[in-house]
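These notes concern the structure reproduced below.
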Amino acid sequence: MVACSSGGDELEKRVDGLVAQMTLEEKVAQMAGDSGLLLPEGEILWNVPGVERLGIPPFRMADGPRGVGTVEGATTFPVGMARGATWDPDIEQRVGAAMGRELKAVGGNVLLAPTINILRHPSWGRSQETYGEDVHHLSRMGVAFVEGLQEYVLANPKHYAVNSVEDTRFEVNVRVDERTLREIYLPQFRAAVLEGGAASVMSAYNSVNGQFCGENEQLLREILKGDWGFDGFVLSDWIFGTRSTLGSALNGLDLEMPAARFYGEELLTAVQNGDVPESVIDDAVRRMVRKKLQHGLDQPSDIDESVLASEEHLALAREAAVKGSVLLKNASETLPLDKSALTRLVVVGVLADTPNTGDTGSSDTKPAFVVTPLQGIEEAVGDAVAVDHVGTDVLESADIALIEAADAAIVVTGLTAEDEGEGLISGGDRVDLGLSAERVELIQEVAAANDRTIVVLEGGGAITMGDWLPDVEALLMVWYPGQMGGHAVADLLFGEANPSGKLPITFPRDLDQLPDFDNVSREVTYDYFHGYRYLDRNEAAPEFPFGFGLSYTTFSVDDLRPAQTRGKAGDVARFSVDVTNTGTTRGAEVVQLYVSYPGSAVERSMRELKAFAKVMLDPGETRTVELALPVDSLAYYDVGRSAWMLEALEYGVHVGTSSRYLPLSETLRVDAEGPVSVY
C-alpha cells in the first residue's frame with residue numbers, strides 16, 4: 001500500500017527544492033508524454049518523463065474504467081454503469097483498490113479512471129463507463145473508487161466537463177448556464193477532488209461556453225484550481241484534447257497527452273520568447289512532483305504480477321456483477337429457477353456464448369478468459385439438467401421445437417460494441433434506444449413458444465422494450481458484467497444470490513420522454529433537467545424509474561424519524577427509518593432519501609436524491625438505517641451573487657426505495673438563509 005507523505009510545509013519545501021534544481025528544458029519535458037512503454041507481453045503504458053538525476057520518477061499511465069487496459073490478463077470488472085447499479089460505495093472502493101494493485105504490479109502509477117460524467121441522455125455511446133444520471137449517486141461512487149485506487153496509484157477522474165456525446169466530441173461547443181454547470185455537471189468532480197483527494201483530472205475534448213476544455217479558463221483556473229483549491233495536475237484527453245500552446249498553458253493545462261504537439265519545443269519557445277511566464281511552467285511541474293512524492297511514486301513497489309486476475313480479484317468481479325444486476329420483472333415468481341424441478345433448459349441467442357464485456361475503445365481490456373452466460377449456466381446445473389443452446393438470433397423450426405420442449409427458455413440478448421461505445425473507435429452514440437429488429441423478433445418468437453421465457457439483457461444503458469416486455473415472464477438487466485459475468489448470471493438465475501441492484505438511470509418508455517440528443521450540431525445547449533428530474537417535471541411515467549429494482553424477497557420501510565426538524569447552515573440533519581425483510585429469503589434493500597423544495601425562489605427538481613444506504617437483512621430481520629443530510633447540500637447556486645445560497649424553507653424529506661416510490665415524508669425547516677460553503 002502506498003504510504004502517502006504527511007504533506008504540509010515539509011512536502012512543499014521538498015517540492016520547491018526539486019523544482020528549483022531543474023533546468024527549463026527538464027521542466028517543459030515533464031509537461032508532455034513522450035512515448036508508450038512496452039511491457040514484456042507487448043502491452044503499453046503511456047509514459048511521461050520524470051527527472052532521473054533528481055530521483056523524480058516518470059508517470060506511467062493506463063486506461064481503467066473497467067480494468068487495467070492494455071495489460072494482458074488483468075481483471076475485467078463489470079462496467080461502471082453496472083457497478084453504479086450496486087448502489088454500494090464499499091464494493092466500488094474495493095474495485096478501485098484491486099485495479100490499483102494490478103496497475104502497480106506492472107509498473108504503472110496513474111489509472112485513467114473513473115469516468116464520472118453525468119449521463120444526460122442514454123444515447124451517449126460511453127454511458128457504460130459512468131455510474132449513472134444523478135449527481136449525488138455519481139459523487140458517492142466516484143469518491144469511493146478514487147479512495148480505493150489511491151491506496152496504490154494515482155486516480156484521474158474524467159472527462160472534465162459537460163462531456164456527454166461521442167460523434168461530435170472533438171468539435172462540439174456546449175452552451176450551459178452557470179447554475180446548471182455548477183449544480184449538475186461539476187459536483188461529482190468537486191467531490192472526487194475535495195473528498196476523494198484525486199491527484200489529477202483529465203480535461204474533455206469538447207468546448208464549454210466557447211472554450212475547449214483543455215484551455216478553458218473558467219473550468220481550469222477559476223473553478224478547479226481557484227474555487228476548489230485543487231493542488232493536483234490536469235492532463236489532456238488524448239491527441240485532440242490539446243488545441244493550442246498559449247491558451248492551454250496559460251489557462252491551466254499542466255500535461256499534454258500522449259505526446260507533445262503544442263507543448264514540448266513549442267512551449268519551450270513560448271517561454272523563451274516571453275509569451276508564457278516561467279512561473280506557469282513551475283506551477284505545472286510543482287503540481288506533478290507534489291503528487292509523485294505525496295503518493296510515494298519514488299518508492300519501490302512491493303506488489304508483483306501474481307495479483308493480476310487473482311482469485312481474490314476474480315471473486316470481487318463476480319460479486320460486483322451479482323450486486324449490480326437489476327431484476328426488472330419477475331411475474332409469477334418465475335425466478336429463481338429451482339434446479340431440482342428442472343429437466344431441460346434452453347439458452348437462446350448469439351450473446352449467450354459470446355464474450356461481451358463492453359466497448360472496444362479506450363476502456364477495452366484483455367482478460368485471459370471470459371465466462372459467458374451459457375458457460376455459467378452449464379457449470380451451475382452440471383449433469384442434473386439438460387441444457388440446449390440455440391446459438392442464433394434467427395430461429396428455424398428445429399429451434400422452435402427445442403424451445404417448446406424446455407421447462408424454461410433463457411434468452412440472452414442486448415447490445416454490443418457494434419451498437420454503442422467510444423466514437424471513432426467503437427460503436428459511438430445510440431440514436432435508437434431499442435434493440436435491433438432481429439433481437440426483438442427473437443424475444444417475441446421465444447416467448448410465443450415457451451410461456452416461461454426469461455430475458456437476460458446486456459448493455460451499457462437504458463433500453464426501450466415496450467414492444468416485447470409484456471411477452472416475457474422475467475427480465476434481468478446484467479449490463480456488461482465483466483469476465484466473471486456468466487457465473488454471476490447463473491448465481492442469480494438459480495437463487496444462489498438474490499438480486500439487489502437498483503437502476504442508476506431512468507429507463508424511459510420511448511425517446512419522447514427524454515430531452516433532445518443532438519450528436520450532429522457543432523453547438524448544443526444543455527439545460528437543468530435530465531433523467532428522472534426531466535420526467536418528474538413533465539409528469540411522464542417511465543418504464544422503470546431511477547432507483548428501481550426487484551428482489552426475491554420483500555421489504556417494508558417504516559417509521560421515518562427525524563433527529564431534528566429544524567436546521568441551519570453547517571448542520572447535518574439525520575433521519576432514521578426501520579427496514580424489515582418481510583419475505584423468506586436473505587436480501588439487500590437500498591433505502592433512498594430525496595428532498596423537495598416547495599416555495600423555492602428558483603426552479604428546482606421536484607425531488608432529488610440526497611442520501612442512500614444499502615442494508616442486508618435476513619428473513620424477518622429489522623434494522624434501523626440512519627441517513628445523513630448535510631443542510632448545506634440544500635443550497636442552490638446564485639449566479640448573481642456567485643455563491644451557494646441556502647434558502648429559508650420548509651424542505652420536504654421523502655424516503656423510499658426508488659424515485660417513484662417514496663411512501664414516507666417529513667420536513668426540515670431552515671429559518672436563516674445566506675451564502676454557505678458546500679464543503
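Convention: chains lettered A, B, ... in C-alpha cells order; per-chain residue numbering from 1; ligands numbered from 1 as shown.
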Apply DSSP to the backbone of this structure and, from stretch 13-83 of chain A, keep only the residues in alpha helix (DSSP H); write these as a list of chain:residue names. A:Lys13, A:Arg14, A:Val15, A:Asp16, A:Gly17, A:Leu18, A:Val19, A:Ala20, A:Leu24, A:Glu25, A:Glu26, A:Lys27, A:Val28, A:Ala29, A:Gly80, A:Met81, A:Ala82, A:Arg83
Fewer than 5 positions away in the same chain doesn't count, so skip those; otherwise give me all residues within 12 Å of A:Pro49, counting only C-alpha atoms, as a ChimeraX atom specification. /A:25-37,55-61,255,257-260,264,285,288-289
Keeping N, CA and C atoms for every residue in the selection just given, could you write it to a file as a PDB file, in the first residue's frame?
ATOM      1  N   GLU A  25      14.420  23.230 -19.664  1.00  0.00           N
ATOM      2  CA  GLU A  25      14.174  22.112 -20.573  1.00  0.00           C
ATOM      3  C   GLU A  25      13.626  20.899 -19.820  1.00  0.00           C
ATOM      4  N   GLU A  26      14.173  20.616 -18.651  1.00  0.00           N
ATOM      5  CA  GLU A  26      13.679  19.488 -17.861  1.00  0.00           C
ATOM      6  C   GLU A  26      12.244  19.716 -17.413  1.00  0.00           C
ATOM      7  N   LYS A  27      11.939  20.934 -17.053  1.00  0.00           N
ATOM      8  CA  LYS A  27      10.580  21.237 -16.604  1.00  0.00           C
ATOM      9  C   LYS A  27       9.580  21.087 -17.748  1.00  0.00           C
ATOM     10  N   VAL A  28       9.888  21.653 -18.871  1.00  0.00           N
ATOM     11  CA  VAL A  28       8.966  21.574 -20.015  1.00  0.00           C
ATOM     12  C   VAL A  28       8.795  20.128 -20.478  1.00  0.00           C
ATOM     13  N   ALA A  29       9.864  19.331 -20.410  1.00  0.00           N
ATOM     14  CA  ALA A  29       9.779  17.932 -20.841  1.00  0.00           C
ATOM     15  C   ALA A  29       8.773  17.150 -20.014  1.00  0.00           C
ATOM     16  N   GLN A  30       8.578  17.547 -18.760  1.00  0.00           N
ATOM     17  CA  GLN A  30       7.629  16.835 -17.895  1.00  0.00           C
ATOM     18  C   GLN A  30       6.177  17.214 -18.166  1.00  0.00           C
ATOM     19  N   MET A  31       5.952  18.154 -19.061  1.00  0.00           N
ATOM     20  CA  MET A  31       4.600  18.630 -19.335  1.00  0.00           C
ATOM     21  C   MET A  31       3.992  17.994 -20.582  1.00  0.00           C
ATOM     22  N   ALA A  32       4.605  16.914 -21.087  1.00  0.00           N
ATOM     23  CA  ALA A  32       4.036  16.182 -22.218  1.00  0.00           C
ATOM     24  C   ALA A  32       4.494  14.735 -22.166  1.00  0.00           C
ATOM     25  N   GLY A  33       3.616  13.842 -22.589  1.00  0.00           N
ATOM     26  CA  GLY A  33       4.016  12.452 -22.729  1.00  0.00           C
ATOM     27  C   GLY A  33       5.067  12.314 -23.802  1.00  0.00           C
ATOM     28  N   ASP A  34       5.869  11.242 -23.726  1.00  0.00           N
ATOM     29  CA  ASP A  34       6.920  11.094 -24.719  1.00  0.00           C
ATOM     30  C   ASP A  34       6.881   9.777 -25.477  1.00  0.00           C
ATOM     31  N   SER A  35       6.155   8.783 -24.956  1.00  0.00           N
ATOM     32  CA  SER A  35       6.123   7.507 -25.673  1.00  0.00           C
ATOM     33  C   SER A  35       5.225   6.552 -24.919  1.00  0.00           C
ATOM     34  N   GLY A  36       5.010   5.410 -25.526  1.00  0.00           N
ATOM     35  CA  GLY A  36       4.383   4.311 -24.814  1.00  0.00           C
ATOM     36  C   GLY A  36       5.460   3.354 -24.350  1.00  0.00           C
ATOM     37  N   LEU A  37       5.381   2.917 -23.110  1.00  0.00           N
ATOM     38  CA  LEU A  37       6.359   1.985 -22.553  1.00  0.00           C
ATOM     39  C   LEU A  37       5.887   0.564 -22.812  1.00  0.00           C
ATOM     40  N   GLY A  55      15.993  11.937  -9.071  1.00  0.00           N
ATOM     41  CA  GLY A  55      15.210  10.878  -8.445  1.00  0.00           C
ATOM     42  C   GLY A  55      13.711  11.055  -8.587  1.00  0.00           C
ATOM     43  N   ILE A  56      13.286  11.817  -9.580  1.00  0.00           N
ATOM     44  CA  ILE A  56      11.851  12.050  -9.799  1.00  0.00           C
ATOM     45  C   ILE A  56      11.366  11.057 -10.846  1.00  0.00           C
ATOM     46  N   PRO A  57      10.460  10.160 -10.471  1.00  0.00           N
ATOM     47  CA  PRO A  57      10.048   9.085 -11.379  1.00  0.00           C
ATOM     48  C   PRO A  57       9.122   9.597 -12.483  1.00  0.00           C
ATOM     49  N   PRO A  58       8.990   8.825 -13.547  1.00  0.00           N
ATOM     50  CA  PRO A  58       8.035   9.169 -14.602  1.00  0.00           C
ATOM     51  C   PRO A  58       6.618   8.786 -14.185  1.00  0.00           C
ATOM     52  N   PHE A  59       5.632   9.333 -14.897  1.00  0.00           N
ATOM     53  CA  PHE A  59       4.281   8.803 -14.835  1.00  0.00           C
ATOM     54  C   PHE A  59       4.169   7.677 -15.849  1.00  0.00           C
ATOM     55  N   ARG A  60       3.493   6.610 -15.469  1.00  0.00           N
ATOM     56  CA  ARG A  60       3.204   5.514 -16.392  1.00  0.00           C
ATOM     57  C   ARG A  60       1.719   5.205 -16.260  1.00  0.00           C
ATOM     58  N   MET A  61       0.980   5.464 -17.326  1.00  0.00           N
ATOM     59  CA  MET A  61      -0.473   5.526 -17.270  1.00  0.00           C
ATOM     60  C   MET A  61      -1.135   4.412 -18.067  1.00  0.00           C
ATOM     61  N   LEU A 255      -0.433  19.092 -18.432  1.00  0.00           N
ATOM     62  CA  LEU A 255       0.209  17.959 -19.091  1.00  0.00           C
ATOM     63  C   LEU A 255      -0.519  17.617 -20.383  1.00  0.00           C
ATOM     64  N   MET A 257      -1.146  15.049 -23.413  1.00  0.00           N
ATOM     65  CA  MET A 257      -1.009  13.619 -23.677  1.00  0.00           C
ATOM     66  C   MET A 257      -1.552  13.271 -25.063  1.00  0.00           C
ATOM     67  N   PRO A 258      -0.985  12.211 -25.677  1.00  0.00           N
ATOM     68  CA  PRO A 258       0.062  11.322 -25.175  1.00  0.00           C
ATOM     69  C   PRO A 258       1.467  11.761 -25.565  1.00  0.00           C
ATOM     70  N   ALA A 259       1.570  12.829 -26.360  1.00  0.00           N
ATOM     71  CA  ALA A 259       2.876  13.305 -26.812  1.00  0.00           C
ATOM     72  C   ALA A 259       2.756  14.787 -27.107  1.00  0.00           C
ATOM     73  N   ALA A 260       3.905  15.425 -27.253  1.00  0.00           N
ATOM     74  CA  ALA A 260       3.927  16.872 -27.454  1.00  0.00           C
ATOM     75  C   ALA A 260       3.552  17.241 -28.885  1.00  0.00           C
ATOM     76  N   GLY A 264       6.159  20.692 -25.474  1.00  0.00           N
ATOM     77  CA  GLY A 264       7.488  20.333 -25.979  1.00  0.00           C
ATOM     78  C   GLY A 264       8.231  21.552 -26.493  1.00  0.00           C
ATOM     79  N   VAL A 285       4.702  21.937 -13.079  1.00  0.00           N
ATOM     80  CA  VAL A 285       5.649  20.901 -12.668  1.00  0.00           C
ATOM     81  C   VAL A 285       5.550  20.650 -11.172  1.00  0.00           C
ATOM     82  N   MET A 288       2.742  18.258 -10.413  1.00  0.00           N
ATOM     83  CA  MET A 288       3.022  16.859 -10.718  1.00  0.00           C
ATOM     84  C   MET A 288       4.020  16.256  -9.744  1.00  0.00           C
ATOM     85  N   VAL A 289       5.061  16.986  -9.429  1.00  0.00           N
ATOM     86  CA  VAL A 289       6.047  16.483  -8.471  1.00  0.00           C
ATOM     87  C   VAL A 289       5.407  16.292  -7.095  1.00  0.00           C
TER      88      VAL A 289
END
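Relative to atom CA of A:Ala352, atom CA of A:Leu511 is found at 27.9 Å.
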I need the residues in stretch 420-552 of chain A that are strand (DSSP E) according to DSSP; give them as a PyMOL selection string. chain A and resi 453-458+474-477+523-526
Take the selection from the previous step and output its residues with C-alpha atoms, as a PDB file, in the first residue's frame.
ATOM      1  CA  THR A 453     -39.327 -17.071 -21.024  1.00  0.00           C
ATOM      2  CA  ILE A 454     -36.606 -15.212 -19.120  1.00  0.00           C
ATOM      3  CA  VAL A 455     -34.576 -12.446 -20.749  1.00  0.00           C
ATOM      4  CA  VAL A 456     -31.017 -11.720 -19.641  1.00  0.00           C
ATOM      5  CA  LEU A 457     -30.249  -8.285 -21.057  1.00  0.00           C
ATOM      6  CA  GLU A 458     -26.750  -6.938 -21.694  1.00  0.00           C
ATOM      7  CA  ALA A 474     -38.783 -12.281 -16.149  1.00  0.00           C
ATOM      8  CA  LEU A 475     -36.158  -9.721 -17.077  1.00  0.00           C
ATOM      9  CA  LEU A 476     -32.685  -9.440 -15.579  1.00  0.00           C
ATOM     10  CA  MET A 477     -30.524  -6.456 -16.607  1.00  0.00           C
ATOM     11  CA  GLU A 523     -23.170  23.772 -30.889  1.00  0.00           C
ATOM     12  CA  VAL A 524     -25.744  22.482 -28.400  1.00  0.00           C
ATOM     13  CA  THR A 525     -27.389  23.825 -25.250  1.00  0.00           C
ATOM     14  CA  TYR A 526     -27.865  21.779 -22.080  1.00  0.00           C
TER      15      TYR A 526
END
Residues at most 12 Å from A:Ala497, counting only C-alpha atoms, excluding those fewer than 2 positions away in the same chain, as a ChimeraX atom specification? /A:318-325,327,335-337,487-495,499-501,551-553,585-588
Residue selection dump (N, CA and C atoms) as a short mmCIF file (atom, residue, chain, number, x, y, z; two decimals), in the first residue's frame:
data_model
loop_
_atom_site.label_atom_id
_atom_site.label_comp_id
_atom_site.auth_asym_id
_atom_site.auth_seq_id
_atom_site.Cartn_x
_atom_site.Cartn_y
_atom_site.Cartn_z
N ARG A 318 -16.92 -11.06 -9.70
CA ARG A 318 -18.18 -11.83 -9.67
C ARG A 318 -19.17 -11.19 -8.71
N GLU A 319 -18.69 -10.79 -7.54
CA GLU A 319 -19.56 -10.15 -6.56
C GLU A 319 -20.14 -8.84 -7.10
N ALA A 320 -19.30 -8.05 -7.77
CA ALA A 320 -19.79 -6.79 -8.34
C ALA A 320 -20.83 -7.04 -9.42
N ALA A 321 -20.63 -8.09 -10.22
CA ALA A 321 -21.60 -8.41 -11.27
C ALA A 321 -22.93 -8.85 -10.68
N VAL A 322 -22.87 -9.64 -9.61
CA VAL A 322 -24.10 -10.07 -8.93
C VAL A 322 -24.83 -8.87 -8.35
N LYS A 323 -24.11 -8.04 -7.62
CA LYS A 323 -24.75 -6.93 -6.91
C LYS A 323 -25.18 -5.80 -7.83
N GLY A 324 -24.63 -5.75 -9.04
CA GLY A 324 -25.03 -4.71 -9.98
C GLY A 324 -26.12 -5.12 -10.94
N SER A 325 -26.48 -6.39 -10.97
CA SER A 325 -27.56 -6.84 -11.86
C SER A 325 -28.90 -6.44 -11.26
N LEU A 327 -33.02 -6.87 -11.29
CA LEU A 327 -34.20 -7.64 -11.65
C LEU A 327 -35.33 -6.66 -11.93
N LEU A 335 -38.52 -16.45 -11.32
CA LEU A 335 -37.17 -16.61 -10.77
C LEU A 335 -37.24 -16.57 -9.25
N PRO A 336 -36.34 -17.29 -8.58
CA PRO A 336 -35.25 -18.09 -9.15
C PRO A 336 -35.74 -19.44 -9.64
N LEU A 337 -34.99 -20.00 -10.57
CA LEU A 337 -35.29 -21.34 -11.07
C LEU A 337 -34.84 -22.39 -10.05
N HIS A 487 -20.87 -16.51 -14.48
CA HIS A 487 -21.12 -17.12 -13.17
C HIS A 487 -22.14 -16.29 -12.38
N ALA A 488 -22.03 -14.96 -12.48
CA ALA A 488 -22.96 -14.10 -11.77
C ALA A 488 -24.38 -14.30 -12.28
N VAL A 489 -24.54 -14.41 -13.60
CA VAL A 489 -25.86 -14.65 -14.18
C VAL A 489 -26.46 -15.95 -13.64
N ALA A 490 -25.65 -17.00 -13.61
CA ALA A 490 -26.14 -18.29 -13.09
C ALA A 490 -26.47 -18.20 -11.61
N ASP A 491 -25.64 -17.52 -10.84
CA ASP A 491 -25.93 -17.35 -9.41
C ASP A 491 -27.31 -16.75 -9.20
N LEU A 492 -27.65 -15.77 -10.02
CA LEU A 492 -28.93 -15.07 -9.87
C LEU A 492 -30.09 -15.90 -10.41
N LEU A 493 -29.90 -16.54 -11.54
CA LEU A 493 -31.00 -17.32 -12.14
C LEU A 493 -31.43 -18.47 -11.24
N PHE A 494 -30.46 -19.09 -10.54
CA PHE A 494 -30.77 -20.28 -9.76
C PHE A 494 -30.86 -19.99 -8.25
N GLY A 495 -30.83 -18.73 -7.88
CA GLY A 495 -31.07 -18.37 -6.50
C GLY A 495 -29.90 -18.54 -5.55
N PRO A 499 -30.98 -10.90 -6.28
CA PRO A 499 -30.74 -9.60 -6.92
C PRO A 499 -30.91 -8.45 -5.94
N SER A 500 -29.97 -7.51 -5.96
CA SER A 500 -30.07 -6.33 -5.10
C SER A 500 -29.71 -5.05 -5.83
N GLY A 501 -29.45 -5.14 -7.14
CA GLY A 501 -29.12 -3.96 -7.91
C GLY A 501 -30.33 -3.05 -8.08
N SER A 551 -36.42 -7.89 -5.98
CA SER A 551 -35.66 -8.87 -5.20
C SER A 551 -36.47 -10.16 -5.16
N TYR A 552 -35.83 -11.23 -4.71
CA TYR A 552 -36.55 -12.48 -4.48
C TYR A 552 -37.25 -12.48 -3.13
N THR A 553 -37.04 -11.44 -2.36
CA THR A 553 -37.76 -11.28 -1.11
C THR A 553 -38.50 -9.95 -1.14
N THR A 585 -36.37 -14.88 2.13
CA THR A 585 -35.02 -15.04 1.58
C THR A 585 -34.14 -13.89 2.05
N ARG A 586 -32.93 -14.19 2.40
CA ARG A 586 -31.97 -13.15 2.75
C ARG A 586 -31.76 -12.24 1.55
N GLY A 587 -31.74 -10.92 1.79
CA GLY A 587 -31.58 -10.00 0.67
C GLY A 587 -31.22 -8.60 1.13
N ALA A 588 -30.91 -7.75 0.17
CA ALA A 588 -30.49 -6.38 0.46
C ALA A 588 -31.46 -5.38 -0.17
#
Please provide as a PDB file with N, CA and C atoms, in the first residue's frame all residues within 10 Å of A:Glu129, with the sequence filter that same-chain residues fewer than 2 positions apart are discarded (counting only C-alpha atoms).
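And here's out29.pdb as it stands now:
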ATOM      1  N   GLY A  64      -8.615   2.613 -17.489  1.00  0.00           N
ATOM      2  CA  GLY A  64      -9.084   1.723 -16.455  1.00  0.00           C
ATOM      3  C   GLY A  64     -10.515   1.787 -15.993  1.00  0.00           C
ATOM      4  N   PRO A  65     -11.474   2.275 -16.763  1.00  0.00           N
ATOM      5  CA  PRO A  65     -12.840   2.282 -16.223  1.00  0.00           C
ATOM      6  C   PRO A  65     -13.376   0.907 -15.839  1.00  0.00           C
ATOM      7  N   ARG A  66     -12.943  -0.171 -16.526  1.00  0.00           N
ATOM      8  CA  ARG A  66     -13.430  -1.494 -16.134  1.00  0.00           C
ATOM      9  C   ARG A  66     -12.299  -2.492 -15.869  1.00  0.00           C
ATOM     10  N   PRO A  78     -17.080  -5.633 -14.114  1.00  0.00           N
ATOM     11  CA  PRO A  78     -18.252  -5.068 -14.782  1.00  0.00           C
ATOM     12  C   PRO A  78     -18.016  -3.591 -15.083  1.00  0.00           C
ATOM     13  N   VAL A  79     -18.672  -3.089 -16.114  1.00  0.00           N
ATOM     14  CA  VAL A  79     -18.508  -1.684 -16.489  1.00  0.00           C
ATOM     15  C   VAL A  79     -19.017  -0.773 -15.377  1.00  0.00           C
ATOM     16  N   GLY A  80     -18.648   0.511 -15.475  1.00  0.00           N
ATOM     17  CA  GLY A  80     -19.031   1.469 -14.450  1.00  0.00           C
ATOM     18  C   GLY A  80     -20.523   1.532 -14.204  1.00  0.00           C
ATOM     19  N   MET A  81     -21.332   1.453 -15.266  1.00  0.00           N
ATOM     20  CA  MET A  81     -22.779   1.527 -15.091  1.00  0.00           C
ATOM     21  C   MET A  81     -23.289   0.350 -14.263  1.00  0.00           C
ATOM     22  N   ALA A  82     -22.726  -0.823 -14.485  1.00  0.00           N
ATOM     23  CA  ALA A  82     -23.107  -1.996 -13.686  1.00  0.00           C
ATOM     24  C   ALA A  82     -22.711  -1.806 -12.232  1.00  0.00           C
ATOM     25  N   ARG A  83     -21.542  -1.247 -12.000  1.00  0.00           N
ATOM     26  CA  ARG A  83     -21.103  -1.019 -10.621  1.00  0.00           C
ATOM     27  C   ARG A  83     -21.905   0.103  -9.975  1.00  0.00           C
ATOM     28  N   GLY A  84     -22.315   1.088 -10.788  1.00  0.00           N
ATOM     29  CA  GLY A  84     -23.217   2.107 -10.264  1.00  0.00           C
ATOM     30  C   GLY A  84     -24.526   1.505  -9.800  1.00  0.00           C
ATOM     31  N   ALA A 113      -9.010   6.850 -14.748  1.00  0.00           N
ATOM     32  CA  ALA A 113     -10.342   6.494 -14.274  1.00  0.00           C
ATOM     33  C   ALA A 113     -10.520   7.160 -12.906  1.00  0.00           C
ATOM     34  N   PRO A 114     -11.771   7.349 -12.469  1.00  0.00           N
ATOM     35  CA  PRO A 114     -13.028   6.867 -13.054  1.00  0.00           C
ATOM     36  C   PRO A 114     -13.623   7.860 -14.039  1.00  0.00           C
ATOM     37  N   THR A 115     -14.542   7.360 -14.877  1.00  0.00           N
ATOM     38  CA  THR A 115     -15.370   8.226 -15.709  1.00  0.00           C
ATOM     39  C   THR A 115     -16.551   8.676 -14.854  1.00  0.00           C
ATOM     40  N   ILE A 116     -16.667   9.985 -14.636  1.00  0.00           N
ATOM     41  CA  ILE A 116     -17.723  10.484 -13.748  1.00  0.00           C
ATOM     42  C   ILE A 116     -18.561  11.564 -14.422  1.00  0.00           C
ATOM     43  N   ASN A 117     -18.723  11.448 -15.725  1.00  0.00           N
ATOM     44  CA  ASN A 117     -19.625  12.368 -16.418  1.00  0.00           C
ATOM     45  C   ASN A 117     -21.078  12.010 -16.139  1.00  0.00           C
ATOM     46  N   LEU A 119     -24.697  11.163 -16.915  1.00  0.00           N
ATOM     47  CA  LEU A 119     -25.388  10.623 -18.085  1.00  0.00           C
ATOM     48  C   LEU A 119     -26.598  11.507 -18.362  1.00  0.00           C
ATOM     49  N   GLY A 125     -22.774   7.220 -26.280  1.00  0.00           N
ATOM     50  CA  GLY A 125     -22.112   5.953 -26.576  1.00  0.00           C
ATOM     51  C   GLY A 125     -21.309   5.385 -25.430  1.00  0.00           C
ATOM     52  N   ARG A 126     -20.812   6.248 -24.558  1.00  0.00           N
ATOM     53  CA  ARG A 126     -19.978   5.779 -23.445  1.00  0.00           C
ATOM     54  C   ARG A 126     -20.749   5.752 -22.131  1.00  0.00           C
ATOM     55  N   SER A 127     -22.054   5.648 -22.206  1.00  0.00           N
ATOM     56  CA  SER A 127     -22.852   5.593 -20.977  1.00  0.00           C
ATOM     57  C   SER A 127     -22.385   4.469 -20.068  1.00  0.00           C
ATOM     58  N   TYR A 131     -21.304   6.092 -13.893  1.00  0.00           N
ATOM     59  CA  TYR A 131     -22.087   5.391 -12.870  1.00  0.00           C
ATOM     60  C   TYR A 131     -23.584   5.658 -12.949  1.00  0.00           C
ATOM     61  N   GLY A 132     -24.006   6.715 -13.667  1.00  0.00           N
ATOM     62  CA  GLY A 132     -25.430   6.975 -13.706  1.00  0.00           C
ATOM     63  C   GLY A 132     -25.765   8.418 -14.015  1.00  0.00           C
ATOM     64  N   GLY A 358     -18.015  -5.087 -23.022  1.00  0.00           N
ATOM     65  CA  GLY A 358     -18.104  -3.647 -23.203  1.00  0.00           C
ATOM     66  C   GLY A 358     -17.509  -3.210 -24.517  1.00  0.00           C
ATOM     67  N   ASP A 359     -17.393  -1.890 -24.674  1.00  0.00           N
ATOM     68  CA  ASP A 359     -16.948  -1.383 -25.976  1.00  0.00           C
ATOM     69  C   ASP A 359     -15.459  -1.618 -26.192  1.00  0.00           C
ATOM     70  N   SER A 363     -11.492   2.076 -23.080  1.00  0.00           N
ATOM     71  CA  SER A 363     -11.764   1.315 -21.854  1.00  0.00           C
ATOM     72  C   SER A 363     -11.640  -0.189 -22.052  1.00  0.00           C
ATOM     73  N   GLY A 421     -20.500   2.759 -27.912  1.00  0.00           N
ATOM     74  CA  GLY A 421     -19.128   2.803 -27.435  1.00  0.00           C
ATOM     75  C   GLY A 421     -18.471   4.124 -27.771  1.00  0.00           C
ATOM     76  N   GLU A 422     -17.163   4.154 -27.639  1.00  0.00           N
ATOM     77  CA  GLU A 422     -16.406   5.370 -27.878  1.00  0.00           C
ATOM     78  C   GLU A 422     -16.416   5.739 -29.358  1.00  0.00           C
ATOM     79  N   GLY A 460     -25.029  -1.125 -22.030  1.00  0.00           N
ATOM     80  CA  GLY A 460     -24.400  -0.103 -21.206  1.00  0.00           C
ATOM     81  C   GLY A 460     -25.313   0.969 -20.688  1.00  0.00           C
ATOM     82  N   GLY A 461     -26.599   0.912 -21.046  1.00  0.00           N
ATOM     83  CA  GLY A 461     -27.507   1.964 -20.614  1.00  0.00           C
ATOM     84  C   GLY A 461     -28.946   1.549 -20.786  1.00  0.00           C
TER      85      GLY A 461
END
Interatomic distance between atom CA of A:Asp638 and atom CA of A:Met202? 27.3 Å
